[in-house]
Protein chains: 2
Amino acid sequence: MTAPSKPNPADLACPVPIQSHATIQLAHGGGGRLSERLIAEVFLPAFRNPALAALHDGALIDLGGQRLAFSTDSYVVRPLFFPGGDIGSLAVHGTVNDLAMCGARPLALSAGFILEEGFPMHDLGRIVESMRAAAAEAEVSIVTGDTKVVDRGKGDGVYLNTAGIGLVPAEIEIDPRRAAPGDMVLVSGTLADHGIAILSVREGLEFETALESDSAPLGGLVAAILEAGGRDVHVLRDPTRGGVASTLNEIASAARVGVRLEEMALPVREAVRGACELLGFDPLYVANEGKCLAVVAPGVADRVLEAMRAHRYGRDAAVIGQIVAEPPGRVVLRSSVGSLRIVDLLTGEQLPRIC
Amino acid sequence: MTAPSKPNPADLACPVPIQSHATIQLAHGGGGRLSERLIAEVFLPAFRNPALAALHDGALIDLGGQRLAFSTDSYVVRPLFFPGGDIGSLAVHGTVNDLAMCGARPLALSAGFILEEGFPMHDLGRIVESMRAAAAEAEVSIVTGDTKVVDRGKGDGVYLNTAGIGLVPAEIEIDPRRAAPGDMVLVSGTLADHGIAILSVREGLEFETALESDSAPLGGLVAAILEAGGRDVHVLRDPTRGGVASTLNEIASAARVGVRLEEMALPVREAVRGACELLGFDPLYVANEGKCLAVVAPGVADRVLEAMRAHRYGRDAAVIGQIVAEPPGRVVLRSSVGSLRIVDLLTGEQLPRIC
């Protein structure tokens, strides 16, 4: 018996319609075009409100004069333990970083565990200890939580959700819509380390140099950036799923500006570049978990770069491009030989379950 | 080949040790003794902090004079759609209610989706619409979210996490440790409706009367309770997983008091009582998703009861027992014939994946 074949939305030419008979594809969680459309066509129309519409890494809520940042992420990374971290440290870093990208000082986290029946208690203990250590480094408390257990075969060991709250200092105004022509685009370090580290374990690849995830808490780095640049820091984002390419596309789209990237300026570790070439990945699209993109007014770019480089998580920081007026909503890369190419959102899924 | 048989912690006599070779059991998510021990032995030692140690439905955080309540729950209910609700409305009600049980007025929710590859987009749309409607009734906004997709066979359609924040009015002090001998124990309506409704669909049972989940947002009911009882409302809790029995055990344990329940006073719908007898369930242990337990000073009990009964979600409210000094940490039920029995925490799992 053959079922009538249905079109796979991930295979259709852009724009990709979410049809009523469609089903969820891995790419709906990939941070690319299908993620964008799922948000635009399913979530935003239902949950319409100004905080959500800002499409920031977190929502800002006014609490009688104080601005509270509120953010959440679920984690389904595979494998659970990888070089440079595990699902526990990743879940703490990820949400702490989303708060930091709002300009907020992280205050508290929640933790929601979905455990599969039969999961070893010892491994849960390792994950919890790793969360403890990550929270201590990030100077944040895990104050509330929840545990659910699903039957064997209906989960994949552990899924983890963290939500977090933090306070945004009065003078700070971080908003993707503040990116303006002339602004400089900085990244706090090398690209693609997290995604390639995960992929190397998953595929059993070995390289001469160890490939480690860059998973790290960025609250301290962001505090240094804000001290150096103040209100002239316009946008902060951590380029996770979908990498620098997808994050810059979101900023370009939110601010209706263009982004011009310089290929020569992109910092990529030699071993990661080699792995990307071998496997056919573009480091611009591969996830980072300890990096920060900053869009700043040109007058403070040098000072912010210096502040980044002085921080342990920003040693390889670089200016990688500039905000331009045209074409709005587009990211364009100037290659080493001077040619230009459009860096678009991905339609399919490059690396599922990277975070 | 036979593997050496390992002891199943759920089968061991109380106290149940969490041994290094142990694995996660369904009962670790059931709200009974194994849940309690997992929290006490794995989570609390790692995440030690005063807010978490209070073991409330949510954490209270001081924000320069304002008290913020912060809570999270993940939802893995099966089936996703059931009489009286679905995973979407349940996830909104559950977290709104956890905030309300801290005495907080809910402000905002986050939503984290973990979707299984192949899940019908149409069903996701139904769930999202149901969340929208539930949030609108509860007067709360869903301000931030996240979507992850796991490969086919590694999920069960949809898992959903919501976290929420709310503000606690200055005069209110709800804390399980405030339960004091002489206080009255009230419940806002009939017991076990949610659990039995889920079970009836899951098992394909049919009863003469339709069994519906009681899933509902309790912010308004709690506001009415607090208006009637003020600071004399000592404890509020929603008896979800593990039912009224488990929740009262937690209160007894936190406050080092006893609880004396009157079996005759427990409100249970006829159809639910019948289903419980047929299936061998004790309604005291079955989950509710739209009910509130209130422990209040005796002087305000009548007024609070009246306020509950005047609210659409409290029409069947009743005084079901009293806080006593002895034996501390124990819940005792006086049956209709006058005999006493201890209502203990369950060691095993009665109804997995009820929420």
# chains A, B, ... in the order shown; residues from 1 in each chain; ligands from 1
$ residues_around --residues "A:Arg178" --least-positions-apart "6" --cutoff "8 Å" --atoms "only C-alpha atoms" --output "ChimeraX atom specification"
/A:234-235,255
$ residues_around --residues "A:Arg67" --least-positions-apart "6" --cutoff "7 Å" --atoms "only C-alpha atoms" --output "ChimeraX atom specification"
/A:60-61,167-168
$ write_last_selection --atoms "all heavy atoms" --output "PDB file, in the first residue's frame"
ATOM      1  N   LEU A  60      10.905  42.112  27.113  1.00  0.00           N
ATOM      2  CA  LEU A  60      11.106  43.124  28.153  1.00  0.00           C
ATOM      3  C   LEU A  60       9.753  43.508  28.731  1.00  0.00           C
ATOM      4  O   LEU A  60       8.809  43.789  28.005  1.00  0.00           O
ATOM      5  CB  LEU A  60      11.799  44.359  27.580  1.00  0.00           C
ATOM      6  CG  LEU A  60      13.268  44.169  27.188  1.00  0.00           C
ATOM      7  CD1 LEU A  60      13.889  45.491  26.823  1.00  0.00           C
ATOM      8  CD2 LEU A  60      14.061  43.508  28.318  1.00  0.00           C
ATOM      9  N   ILE A  61       9.678  43.516  30.063  1.00  0.00           N
ATOM     10  CA  ILE A  61       8.426  43.795  30.751  1.00  0.00           C
ATOM     11  C   ILE A  61       8.661  44.944  31.712  1.00  0.00           C
ATOM     12  O   ILE A  61       9.634  44.936  32.478  1.00  0.00           O
ATOM     13  CB  ILE A  61       7.963  42.544  31.515  1.00  0.00           C
ATOM     14  CG1 ILE A  61       7.597  41.442  30.508  1.00  0.00           C
ATOM     15  CG2 ILE A  61       6.781  42.849  32.420  1.00  0.00           C
ATOM     16  CD1 ILE A  61       7.640  40.073  31.095  1.00  0.00           C
ATOM     17  N   LEU A 167      17.355  41.905  35.187  1.00  0.00           N
ATOM     18  CA  LEU A 167      16.999  43.323  35.171  1.00  0.00           C
ATOM     19  C   LEU A 167      17.882  44.073  34.172  1.00  0.00           C
ATOM     20  O   LEU A 167      19.088  43.854  34.106  1.00  0.00           O
ATOM     21  CB  LEU A 167      17.176  43.936  36.561  1.00  0.00           C
ATOM     22  CG  LEU A 167      16.042  43.664  37.550  1.00  0.00           C
ATOM     23  CD1 LEU A 167      16.382  44.259  38.912  1.00  0.00           C
ATOM     24  CD2 LEU A 167      14.718  44.242  37.031  1.00  0.00           C
ATOM     25  N   VAL A 168      17.255  44.971  33.410  1.00  0.00           N
ATOM     26  CA  VAL A 168      17.990  45.779  32.440  1.00  0.00           C
ATOM     27  C   VAL A 168      18.295  47.136  33.077  1.00  0.00           C
ATOM     28  O   VAL A 168      17.360  47.844  33.496  1.00  0.00           O
ATOM     29  CB  VAL A 168      17.163  45.987  31.155  1.00  0.00           C
ATOM     30  CG1 VAL A 168      17.983  46.732  30.114  1.00  0.00           C
ATOM     31  CG2 VAL A 168      16.683  44.646  30.600  1.00  0.00           C
TER      32      VAL A 168
END
$ residues_around --residues "stretch 111-115 of chain B" --least-positions-apart "6" --cutoff "7 Å" --atoms "only C-alpha atoms" --output "MDAnalysis selection string"
(chainID A and resid 72:74) or (chainID B and resid 142 144:150 157:163)
$ atom_distance --atom1 "atom CA of B:Cys102" --atom2 "atom CA of B:Asp302"
21.7 Å
$ closest_residue --among "A:Arg48, A:Arg269, A:His93, A:Arg256" --to "A:Ala179" --atoms "only C-alpha atoms"
A:Arg256
$ select_by_dssp --residues "stretch 17-162 of chain A" --states "strand (DSSP E)" --output "PyMOL selection string"
chain A and resi 59-63+66-75+81-82+85-86+105-116+141-150+158-162
